[in-house]
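Pasting data_17.csv here (CSV, C-alpha atoms):
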```csv
chain,number,residue,atom,x,y,z
A,146,MET,CA,-3.8,9.5,20.2
A,147,PRO,CA,-5.3,12.5,18.4
A,148,GLN,CA,-5.0,15.5,20.7
A,149,GLY,CA,-6.9,18.3,19.1
A,150,GLN,CA,-7.1,21.4,21.2
A,151,PRO,CA,-10.7,22.5,21.8
A,152,SER,CA,-11.1,26.1,20.8
A,153,VAL,CA,-13.2,26.9,23.9
A,154,VAL,CA,-13.0,25.5,27.4
A,155,PRO,CA,-16.6,25.6,28.7
A,156,ASP,CA,-17.4,26.8,32.2
A,157,ASP,CA,-19.6,23.8,32.9
A,158,GLY,CA,-18.0,22.5,36.1
A,159,LEU,CA,-16.9,19.3,34.3
A,160,THR,CA,-13.3,17.9,34.1
A,161,THR,CA,-11.8,17.3,30.7
A,162,ARG,CA,-12.3,13.6,31.3
A,163,GLN,CA,-15.9,14.0,32.2
A,164,ARG,CA,-16.5,16.2,29.2
A,165,ARG,CA,-14.6,13.8,26.9
A,166,ASN,CA,-16.9,11.0,28.1
A,167,LEU,CA,-20.2,12.7,27.5
A,168,PRO,CA,-22.4,10.7,25.2
A,169,LEU,CA,-22.5,12.1,21.7
A,170,LEU,CA,-25.4,12.9,19.4
A,171,ALA,CA,-24.1,13.0,15.8
A,172,VAL,CA,-26.1,13.8,12.7
A,173,HIS,CA,-24.8,13.0,9.2
A,174,THR,CA,-26.8,15.0,6.7
A,175,GLY,CA,-26.6,16.5,3.2
A,176,ASP,CA,-27.1,15.3,-0.3
A,177,GLY,CA,-23.8,13.6,-0.7
A,178,LYS,CA,-22.7,10.0,-0.2
A,179,GLY,CA,-21.2,8.6,2.9
A,180,LYS,CA,-23.8,9.5,5.5
A,181,SER,CA,-24.8,5.9,6.4
A,182,THR,CA,-21.4,4.5,5.4
A,183,ALA,CA,-19.6,6.7,7.9
A,184,ALA,CA,-22.1,5.8,10.6
A,185,PHE,CA,-21.5,2.1,10.0
A,186,GLY,CA,-17.8,2.8,10.0
A,187,LEU,CA,-18.4,4.2,13.5
A,188,ALA,CA,-20.1,1.0,14.4
A,189,LEU,CA,-16.9,-0.9,13.5
A,190,ARG,CA,-15.0,1.3,15.9
A,191,GLY,CA,-17.6,0.8,18.6
A,192,TRP,CA,-17.7,-2.9,18.1
A,193,ASN,CA,-13.9,-3.0,18.6
A,194,GLN,CA,-14.4,-1.2,21.9
A,195,GLY,CA,-16.8,-3.9,23.0
A,196,TRP,CA,-19.8,-1.6,22.7
A,197,ARG,CA,-23.3,-3.0,22.3
A,198,ILE,CA,-24.3,-1.8,18.8
A,199,GLY,CA,-27.9,-1.3,17.8
A,200,VAL,CA,-28.7,-0.3,14.2
A,201,PHE,CA,-32.3,0.8,13.3
A,202,GLN,CA,-32.9,1.4,9.6
A,203,PHE,CA,-35.9,3.5,8.8
A,204,VAL,CA,-36.2,2.1,5.3
A,205,LYS,CA,-39.4,1.2,3.5
A,206,SER,CA,-38.2,-2.2,2.1
A,207,ALA,CA,-37.1,-4.9,4.4
A,208,LYS,CA,-35.9,-7.0,1.5
A,209,TRP,CA,-32.9,-4.9,0.8
A,210,ARG,CA,-29.8,-6.1,2.8
A,211,ILE,CA,-26.7,-4.1,2.5
A,212,GLY,CA,-23.2,-5.5,2.9
A,213,GLU,CA,-22.7,-3.7,6.2
A,214,GLN,CA,-25.5,-5.6,7.8
A,215,THR,CA,-24.0,-8.9,6.8
A,216,VAL,CA,-20.6,-8.0,8.1
A,217,LEU,CA,-21.8,-6.3,11.3
A,218,GLU,CA,-24.1,-9.2,12.1
A,219,ARG,CA,-21.1,-11.5,11.4
A,220,LEU,CA,-19.1,-9.5,13.9
A,221,GLY,CA,-22.0,-9.9,16.4
A,222,ARG,CA,-21.8,-13.7,16.0
A,223,LEU,CA,-18.0,-13.5,16.4
A,224,HIS,CA,-18.6,-11.7,19.7
A,225,GLU,CA,-20.9,-14.6,20.8
A,226,GLU,CA,-18.4,-17.2,19.7
A,227,THR,CA,-15.1,-15.7,21.0
A,228,GLY,CA,-16.0,-12.7,23.2
A,229,GLU,CA,-14.2,-10.3,20.8
A,230,GLY,CA,-15.8,-6.9,20.3
A,231,GLY,CA,-19.5,-6.3,21.3
A,232,PRO,CA,-22.9,-7.6,20.5
A,233,VAL,CA,-24.7,-6.3,17.4
A,234,GLU,CA,-28.4,-6.0,16.7
A,235,TRP,CA,-29.6,-4.8,13.3
A,236,HIS,CA,-33.3,-4.0,12.8
A,237,LYS,CA,-35.0,-2.8,9.6
A,238,MET,CA,-38.4,-1.1,9.5
A,239,GLY,CA,-39.7,-2.5,6.2
A,240,SER,CA,-43.4,-3.1,6.6
A,241,GLY,CA,-42.9,-3.8,10.3
A,242,TRP,CA,-40.0,-4.4,12.7
A,243,SER,CA,-38.9,-7.9,13.5
A,244,TRP,CA,-39.7,-7.4,17.2
A,245,ILE,CA,-43.4,-7.0,16.4
A,246,ARG,CA,-44.9,-10.5,16.3
A,247,HIS,CA,-48.2,-9.9,14.7
A,248,ARG,CA,-48.0,-7.8,11.6
A,249,ASP,CA,-51.2,-6.9,9.9
A,250,GLY,CA,-49.6,-7.1,6.5
A,251,ALA,CA,-50.7,-3.6,5.6
A,252,GLU,CA,-47.7,-1.5,4.7
A,253,ASP,CA,-48.4,1.5,7.0
A,254,HIS,CA,-45.0,3.1,7.0
A,255,ALA,CA,-46.1,5.9,9.2
A,256,ALA,CA,-47.3,3.5,11.9
A,257,ALA,CA,-44.2,1.4,11.5
A,258,ALA,CA,-41.9,4.4,11.9
A,259,ALA,CA,-43.8,5.5,15.1
A,260,GLN,CA,-43.5,2.0,16.5
A,261,GLY,CA,-39.8,2.0,15.7
A,262,TRP,CA,-39.3,5.2,17.6
A,263,GLU,CA,-41.3,4.0,20.6
A,264,GLU,CA,-39.0,0.9,20.8
A,265,ILE,CA,-35.9,3.1,20.5
A,266,LYS,CA,-37.2,5.3,23.4
A,267,ARG,CA,-37.7,2.1,25.5
A,268,ARG,CA,-34.1,1.0,24.7
A,269,LEU,CA,-32.7,4.5,25.5
A,270,THR,CA,-34.4,4.3,28.9
A,271,GLU,CA,-33.1,0.8,29.5
A,272,GLN,CA,-29.7,1.7,28.2
A,273,THR,CA,-29.7,-1.4,25.9
A,274,HIS,CA,-27.0,-0.2,23.5
A,275,ASP,CA,-23.8,1.9,23.8
A,276,LEU,CA,-24.1,3.1,20.2
A,277,LEU,CA,-27.4,3.5,18.4
A,278,ILE,CA,-27.5,4.2,14.7
A,279,LEU,CA,-30.8,5.6,13.5
A,280,ASP,CA,-30.3,5.3,9.8
A,281,GLU,CA,-32.5,7.5,7.6
A,282,PHE,CA,-34.4,8.6,10.7
A,283,THR,CA,-34.5,12.2,9.4
A,284,TYR,CA,-37.2,11.1,6.8
A,285,PRO,CA,-40.0,9.9,9.2
A,286,ILE,CA,-39.3,13.2,11.2
A,287,ALA,CA,-39.5,15.3,8.0
A,288,TRP,CA,-42.7,13.6,7.0
A,289,GLY,CA,-44.3,14.1,10.4
A,290,TRP,CA,-44.5,10.4,11.3
A,291,VAL,CA,-42.4,11.0,14.3
A,292,ASP,CA,-42.6,14.2,16.4
A,293,VAL,CA,-39.2,16.0,16.4
A,294,GLU,CA,-39.9,17.6,19.8
A,295,ASP,CA,-40.4,14.1,21.3
A,296,VAL,CA,-37.2,12.9,19.6
A,297,VAL,CA,-35.1,15.8,21.0
A,298,ALA,CA,-36.6,15.5,24.5
A,299,ALA,CA,-35.9,11.7,24.6
A,300,LEU,CA,-32.4,12.2,23.3
A,301,GLU,CA,-31.6,15.1,25.6
A,302,SER,CA,-32.8,13.2,28.7
A,303,ARG,CA,-31.2,9.8,27.8
A,304,PRO,CA,-29.4,8.4,30.8
A,305,GLY,CA,-25.9,7.1,31.0
A,306,ARG,CA,-23.5,7.1,28.1
A,307,GLN,CA,-25.3,6.2,24.9
A,308,HIS,CA,-24.0,7.5,21.7
A,309,VAL,CA,-26.5,8.1,18.9
A,310,VAL,CA,-25.9,8.7,15.2
A,311,ILE,CA,-28.8,9.9,13.0
A,312,THR,CA,-28.4,9.9,9.2
A,313,GLY,CA,-30.4,11.3,6.3
A,314,ARG,CA,-31.2,14.3,4.3
A,315,ARG,CA,-33.4,17.2,5.3
A,316,ALA,CA,-32.5,17.0,9.0
A,317,ASP,CA,-34.8,19.1,11.2
A,318,PRO,CA,-33.2,22.3,12.5
A,319,ARG,CA,-34.2,21.3,16.1
A,320,LEU,CA,-32.4,18.0,15.7
A,321,LEU,CA,-29.3,19.9,14.5
A,322,GLU,CA,-29.6,22.2,17.4
A,323,ALA,CA,-29.6,19.3,19.8
A,324,ALA,CA,-26.7,17.5,18.1
A,325,ASP,CA,-23.1,17.7,19.4
A,326,LEU,CA,-21.7,16.8,16.0
A,327,VAL,CA,-23.2,17.6,12.6
A,328,THR,CA,-21.5,16.7,9.4
A,329,GLU,CA,-22.9,17.6,6.0
A,330,MET,CA,-21.9,15.3,3.1
A,331,THR,CA,-22.0,17.4,0.0
A,332,LYS,CA,-22.0,15.8,-3.5
A,333,VAL,CA,-19.3,17.5,-5.6
A,334,LYS,CA,-19.4,14.9,-8.4
A,335,HIS,CA,-21.3,11.7,-8.8
A,336,PRO,CA,-20.9,9.0,-11.5
A,337,MET,CA,-24.7,9.1,-12.1
A,338,ASP,CA,-24.2,12.5,-13.5
A,339,ALA,CA,-22.0,10.9,-16.1
A,340,GLY,CA,-24.7,8.3,-16.9
A,341,ARG,CA,-23.5,5.5,-14.7
A,342,LYS,CA,-25.8,3.4,-12.5
A,343,GLY,CA,-24.9,2.2,-9.0
A,344,GLN,CA,-22.8,-0.9,-8.7
A,345,ARG,CA,-22.4,-3.8,-6.2
A,346,GLY,CA,-19.9,-3.2,-3.5
A,347,ILE,CA,-19.9,0.5,-4.0
A,348,GLU,CA,-23.6,1.5,-3.7
A,349,TRP,CA,-24.7,-1.5,-1.5
B,256,MET,CA,-31.6,-2.9,-5.6
B,257,PRO,CA,-31.3,0.9,-5.8
B,258,GLN,CA,-32.2,1.8,-9.3
B,259,GLY,CA,-31.4,5.5,-9.6
B,260,GLN,CA,-31.9,6.9,-13.0
B,261,PRO,CA,-28.8,8.6,-14.4
B,262,SER,CA,-29.5,12.1,-15.5
B,263,VAL,CA,-27.4,11.7,-18.7
B,264,VAL,CA,-26.9,8.7,-20.9
B,265,PRO,CA,-23.4,9.1,-22.3
B,266,ASP,CA,-22.6,8.4,-26.0
B,267,ASP,CA,-19.6,6.3,-25.1
B,268,GLY,CA,-20.4,3.0,-26.9
B,269,LEU,CA,-20.8,1.1,-23.6
B,270,THR,CA,-23.8,-0.9,-22.5
B,271,THR,CA,-25.4,0.1,-19.2
B,272,ARG,CA,-23.8,-3.1,-17.7
B,273,GLN,CA,-20.3,-2.2,-18.9
B,274,ARG,CA,-20.7,1.3,-17.7
B,275,ARG,CA,-22.0,0.1,-14.3
B,276,ASN,CA,-18.9,-2.1,-13.9
B,277,LEU,CA,-16.3,0.6,-14.6
B,278,PRO,CA,-13.9,0.9,-11.8
B,279,LEU,CA,-14.4,3.9,-9.6
B,280,LEU,CA,-12.1,6.6,-8.4
B,281,ALA,CA,-13.6,8.3,-5.4
B,282,VAL,CA,-12.3,11.2,-3.3
B,283,HIS,CA,-13.5,12.0,0.2
B,284,THR,CA,-12.4,15.5,1.0
B,285,GLY,CA,-13.4,18.6,3.1
B,286,ASP,CA,-12.8,19.7,6.7
B,287,GLY,CA,-15.6,17.6,8.2
B,288,LYS,CA,-15.5,14.2,9.8
B,289,GLY,CA,-16.3,10.9,8.1
B,290,LYS,CA,-13.8,11.0,5.2
B,291,SER,CA,-11.8,8.0,6.3
B,292,THR,CA,-14.7,6.4,8.2
B,293,ALA,CA,-16.8,6.3,5.1
B,294,ALA,CA,-13.9,4.8,3.1
B,295,PHE,CA,-13.5,2.0,5.7
B,296,GLY,CA,-17.3,1.5,5.5
B,297,LEU,CA,-16.8,0.9,1.8
B,298,ALA,CA,-14.1,-1.6,2.7
B,299,LEU,CA,-16.7,-3.5,4.7
B,300,ARG,CA,-19.0,-3.7,1.7
B,301,GLY,CA,-16.2,-4.8,-0.5
B,302,TRP,CA,-15.0,-7.4,1.9
B,303,ASN,CA,-18.6,-8.8,1.9
B,304,GLN,CA,-18.3,-9.1,-1.9
B,305,GLY,CA,-15.2,-11.1,-1.6
B,306,TRP,CA,-13.0,-8.2,-2.8
B,307,ARG,CA,-9.3,-8.1,-2.0
B,308,ILE,CA,-9.0,-5.1,0.1
B,309,GLY,CA,-5.8,-3.0,0.4
B,310,VAL,CA,-5.6,-0.1,2.8
B,311,PHE,CA,-2.6,2.3,2.7
B,312,GLN,CA,-2.5,4.9,5.4
B,313,PHE,CA,-0.2,7.9,4.7
B,314,VAL,CA,0.1,8.8,8.3
B,315,LYS,CA,3.2,9.9,10.0
B,316,SER,CA,3.0,7.7,13.1
B,317,ALA,CA,2.9,3.9,12.7
B,318,LYS,CA,2.1,3.6,16.4
B,319,TRP,CA,-1.5,4.7,16.2
B,320,ARG,CA,-3.9,1.8,15.4
B,321,ILE,CA,-7.5,2.7,14.8
B,322,GLY,CA,-10.4,0.3,15.5
B,323,GLU,CA,-11.1,-0.2,11.8
B,324,GLN,CA,-7.7,-1.7,11.3
B,325,THR,CA,-8.2,-4.2,14.1
B,326,VAL,CA,-11.7,-5.1,12.7
B,327,LEU,CA,-10.7,-5.3,9.0
B,328,GLU,CA,-7.6,-7.3,9.8
B,329,ARG,CA,-9.8,-9.6,11.9
B,330,LEU,CA,-12.2,-10.0,8.9
B,331,GLY,CA,-9.1,-10.8,6.7
B,332,ARG,CA,-8.2,-13.6,9.1
B,333,LEU,CA,-11.9,-14.8,9.0
B,334,HIS,CA,-11.5,-15.0,5.3
B,335,GLU,CA,-8.4,-17.2,5.7
B,336,GLU,CA,-10.2,-19.4,8.2
B,337,THR,CA,-13.6,-19.8,6.6
B,338,GLY,CA,-13.4,-18.4,3.1
B,339,GLU,CA,-16.0,-15.7,4.0
B,340,GLY,CA,-15.5,-12.3,2.4
B,341,GLY,CA,-12.1,-11.4,0.9
B,342,PRO,CA,-8.5,-10.9,2.0
B,343,VAL,CA,-7.4,-7.7,3.7
B,344,GLU,CA,-4.0,-6.0,3.8
B,345,TRP,CA,-3.5,-2.9,5.9
B,346,HIS,CA,-0.3,-0.9,5.6
B,347,LYS,CA,0.7,2.2,7.5
B,348,MET,CA,3.5,4.5,6.4
B,349,GLY,CA,4.8,5.6,9.7
B,350,SER,CA,8.5,6.0,9.5
B,351,GLY,CA,8.6,3.3,6.8
B,352,TRP,CA,6.3,0.7,5.3
B,353,SER,CA,6.2,-2.8,6.7
B,354,TRP,CA,7.2,-4.2,3.3
B,355,ILE,CA,10.6,-2.4,3.4
B,356,ARG,CA,12.9,-4.8,5.2
B,357,HIS,CA,15.8,-2.5,5.9
B,358,ARG,CA,14.7,0.8,7.4
B,359,ASP,CA,17.4,3.3,8.2
B,360,GLY,CA,15.6,4.6,11.2
B,361,ALA,CA,15.6,8.1,9.9
B,362,GLU,CA,12.1,9.5,9.8
B,363,ASP,CA,12.1,10.8,6.2
B,364,HIS,CA,8.4,11.1,5.6
B,365,ALA,CA,8.8,12.5,2.1
B,366,ALA,CA,10.9,9.4,1.1
B,367,ALA,CA,8.4,7.1,2.8
B,368,ALA,CA,5.5,8.6,1.0
B,369,ALA,CA,7.2,8.3,-2.3
B,370,GLN,CA,8.1,4.7,-1.6
B,371,GLY,CA,4.5,4.0,-0.6
B,372,TRP,CA,3.2,5.4,-3.9
B,373,GLU,CA,5.7,3.4,-5.9
B,374,GLU,CA,4.5,0.2,-4.2
B,375,ILE,CA,0.9,1.2,-4.9
B,376,LYS,CA,1.7,1.8,-8.6
B,377,ARG,CA,3.2,-1.7,-8.8
B,378,ARG,CA,0.1,-3.2,-7.2
B,379,LEU,CA,-2.2,-1.3,-9.6
B,380,THR,CA,-0.2,-2.8,-12.5
B,381,GLU,CA,-0.4,-6.3,-11.0
B,382,GLN,CA,-4.1,-5.8,-10.0
B,383,THR,CA,-3.3,-7.0,-6.5
B,384,HIS,CA,-6.4,-5.5,-4.9
B,385,ASP,CA,-10.0,-5.0,-6.0
B,386,LEU,CA,-10.4,-2.0,-3.6
B,387,LEU,CA,-7.5,0.3,-2.6
B,388,ILE,CA,-8.0,2.9,0.1
B,389,LEU,CA,-5.3,5.5,0.0
B,390,ASP,CA,-6.0,7.2,3.4
B,391,GLU,CA,-4.8,10.7,3.8
B,392,PHE,CA,-3.0,10.5,0.5
B,393,THR,CA,-4.0,14.1,-0.4
B,394,TYR,CA,-1.4,15.4,2.0
B,395,PRO,CA,1.8,13.9,0.5
B,396,ILE,CA,0.4,15.2,-2.8
B,397,ALA,CA,-0.2,18.7,-1.4
B,398,TRP,CA,3.3,18.8,0.2
B,399,GLY,CA,4.9,17.8,-3.2
B,400,TRP,CA,6.2,14.5,-1.9
B,401,VAL,CA,4.2,12.7,-4.6
B,402,ASP,CA,3.7,14.1,-8.1
B,403,VAL,CA,0.0,14.6,-8.7
B,404,GLU,CA,0.5,14.2,-12.5
B,405,ASP,CA,2.1,10.8,-11.9
B,406,VAL,CA,-0.8,9.8,-9.6
B,407,VAL,CA,-3.5,10.9,-12.1
B,408,ALA,CA,-1.7,9.1,-15.0
B,409,ALA,CA,-1.3,5.9,-13.0
B,410,LEU,CA,-4.9,5.9,-11.9
B,411,GLU,CA,-6.3,6.7,-15.3
B,412,SER,CA,-4.3,3.9,-16.9
B,413,ARG,CA,-4.9,1.3,-14.3
B,414,PRO,CA,-6.0,-2.0,-15.8
B,415,GLY,CA,-9.0,-4.2,-14.9
B,416,ARG,CA,-11.5,-3.2,-12.4
B,417,GLN,CA,-9.8,-1.7,-9.4
B,418,HIS,CA,-11.7,0.7,-7.2
B,419,VAL,CA,-9.7,3.4,-5.5
B,420,VAL,CA,-10.8,5.7,-2.7
B,421,ILE,CA,-8.5,8.6,-1.7
B,422,THR,CA,-9.2,10.6,1.5
B,423,GLY,CA,-7.9,13.8,3.0
B,424,ARG,CA,-8.3,17.6,3.0
B,425,ARG,CA,-6.8,19.9,0.4
B,426,ALA,CA,-7.4,17.5,-2.5
B,427,ASP,CA,-5.6,18.6,-5.7
B,428,PRO,CA,-7.9,20.0,-8.4
B,429,ARG,CA,-6.3,17.6,-10.9
B,430,LEU,CA,-7.2,14.7,-8.7
B,431,LEU,CA,-10.8,15.9,-8.3
B,432,GLU,CA,-10.9,16.3,-12.1
B,433,ALA,CA,-9.8,12.6,-12.6
B,434,ALA,CA,-12.2,11.3,-9.9
B,435,ASP,CA,-15.6,9.8,-10.8
B,436,LEU,CA,-17.1,10.5,-7.3
B,437,VAL,CA,-16.1,13.4,-5.1
B,438,THR,CA,-17.8,13.9,-1.7
B,439,GLU,CA,-17.0,16.9,0.5
B,440,MET,CA,-17.5,16.3,4.2
B,441,THR,CA,-18.3,19.7,5.7
B,442,LYS,CA,-18.1,20.4,9.4
B,443,VAL,CA,-21.3,22.0,10.5
B,444,LYS,CA,-20.8,21.6,14.2
B,445,HIS,CA,-18.1,19.8,16.2
B,446,PRO,CA,-17.9,19.0,19.9
B,447,MET,CA,-14.4,20.5,20.0
B,448,ASP,CA,-16.0,23.8,19.3
B,449,ALA,CA,-17.9,23.3,22.6
B,450,GLY,CA,-14.6,22.4,24.5
B,451,ARG,CA,-14.8,18.7,24.3
B,452,LYS,CA,-11.8,16.5,23.3
B,453,GLY,CA,-11.9,13.4,21.2
B,454,GLN,CA,-13.1,10.2,22.7
B,455,ARG,CA,-12.3,6.5,22.3
B,456,GLY,CA,-14.7,4.7,19.9
B,457,ILE,CA,-15.8,8.0,18.3
B,458,GLU,CA,-12.6,9.6,17.2
B,459,TRP,CA,-10.5,6.4,16.8
```

Would you give me this structure, written as structure tokens?
Amino acid sequence: MPQGQPSVVPDDGLTTRQRRNLPLLAVHTGDGKGKSTAAFGLALRGWNQGWRIGVFQFVKSAKWRIGEQTVLERLGRLHEETGEGGPVEWHKMGSGWSWIRHRDGAEDHAAAAAQGWEEIKRRLTEQTHDLLILDEFTYPIAWGWVDVEDVVAALESRPGRQHVVITGRRADPRLLEAADLVTEMTKVKHPMDAGRKGQRGIEW
Amino acid sequence: MPQGQPSVVPDDGLTTRQRRNLPLLAVHTGDGKGKSTAAFGLALRGWNQGWRIGVFQFVKSAKWRIGEQTVLERLGRLHEETGEGGPVEWHKMGSGWSWIRHRDGAEDHAAAAAQGWEEIKRRLTEQTHDLLILDEFTYPIAWGWVDVEDVVAALESRPGRQHVVITGRRADPRLLEAADLVTEMTKVKHPMDAGRKGQRGIEW
């Protein structure tokens, strides 16, 4: 077991065990690759712990399905079949979330993003998931579609032990301030710089 | 399908399709989190493409099993049972690799690392895997247990279409030079700074 020594022991009245078990808010940001991939890697770990995984992708196209979705949903079915791991829900914004029955067909991404966030707030209150991945959620915040103060307030007051990972560039400083763990993925070198396009299995 | 436009079109006599399908050498380095997790996330994608996945962990303890190993090996068995995805092999160095029948019991990590690299070279020649993850392989290179020039030569001359991801801090500049894709994971904020220790499902 990794036993890193914390550099500070806080005077917060908590035992090490209590502090260890605090729910985490992590942000993966920066211009490099790996922000979402690392988040989905955490979902693998969480699934293996039996956690209830919820992925919410704030992407504009619902058509695009990445390999991780196929595999994590397969793991969710494996849980249903054998009891291994935990249940998995994967939702994509697209032009409207799957839980919204009557879509008006208009591609109002701002409204869709706001609806997505309202649903996530409900789920946080109800403690529906043990790990929530809000993929590319920094963008609707940056574009003003979702109010960052509302996000921070909801995350800071979430009950129980719900881990949340938010990915995307241009993370709002108030979100970073609220986060326990912030990792910046920096592009040092990318094949597109050498004239290559993305390829199956690597980019998606 | 993500259709990023490369910033340069190289004069290398290759078509876009040929260039797209070149095998990638990626390095995840830096002091932040997510280096290995993002690599294992790529393994998820590769598995979903039917790729033959080989993970080689250059860690000193064979006792420690991370959640990703359990899940990826489970996906490997799923491949055997149903034909979904691809086969998965996961090897840990520990005090000797599982493919070495007669271990002398002595924990000679330098020798074990060199043996691991020799096996990986054989597999590269034989094109055993479509995606090889050499986890924490930067350390035996940094410690001089494995010769970086030999690593670069073997990777640059590898036949076919084998993707390789190397993770770890202190990546050798010659390795970065040889890589197509380098991402640096930078720690911006970590809960250990606030006195928390690692926790199950997040750290392992």

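We find atom CA of A:Ala257 and atom CA of A:Trp290 to be spaced 9.0 Å apart.
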
Spatial neighbours of A:Glu234, max dist 8 Å, only C-alpha atoms, sep filter under 6 positions, as a PyMOL selection string: chain A and resi 198-200+218+221

Atomic distance atom CA of A:Ile311 - atom CA of A:Leu217, expressed in Å with one decimal: 17.7 Å

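Taking atom CA of A:Asn193 as the reference point, atom CA of B:Trp354 is found at 26.1 Å.
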
Counting all atoms listed in the file, the option among A:Pro318, A:Val296, A:Thr331, A:Ser302 closest to A:Pro168: A:Ser302
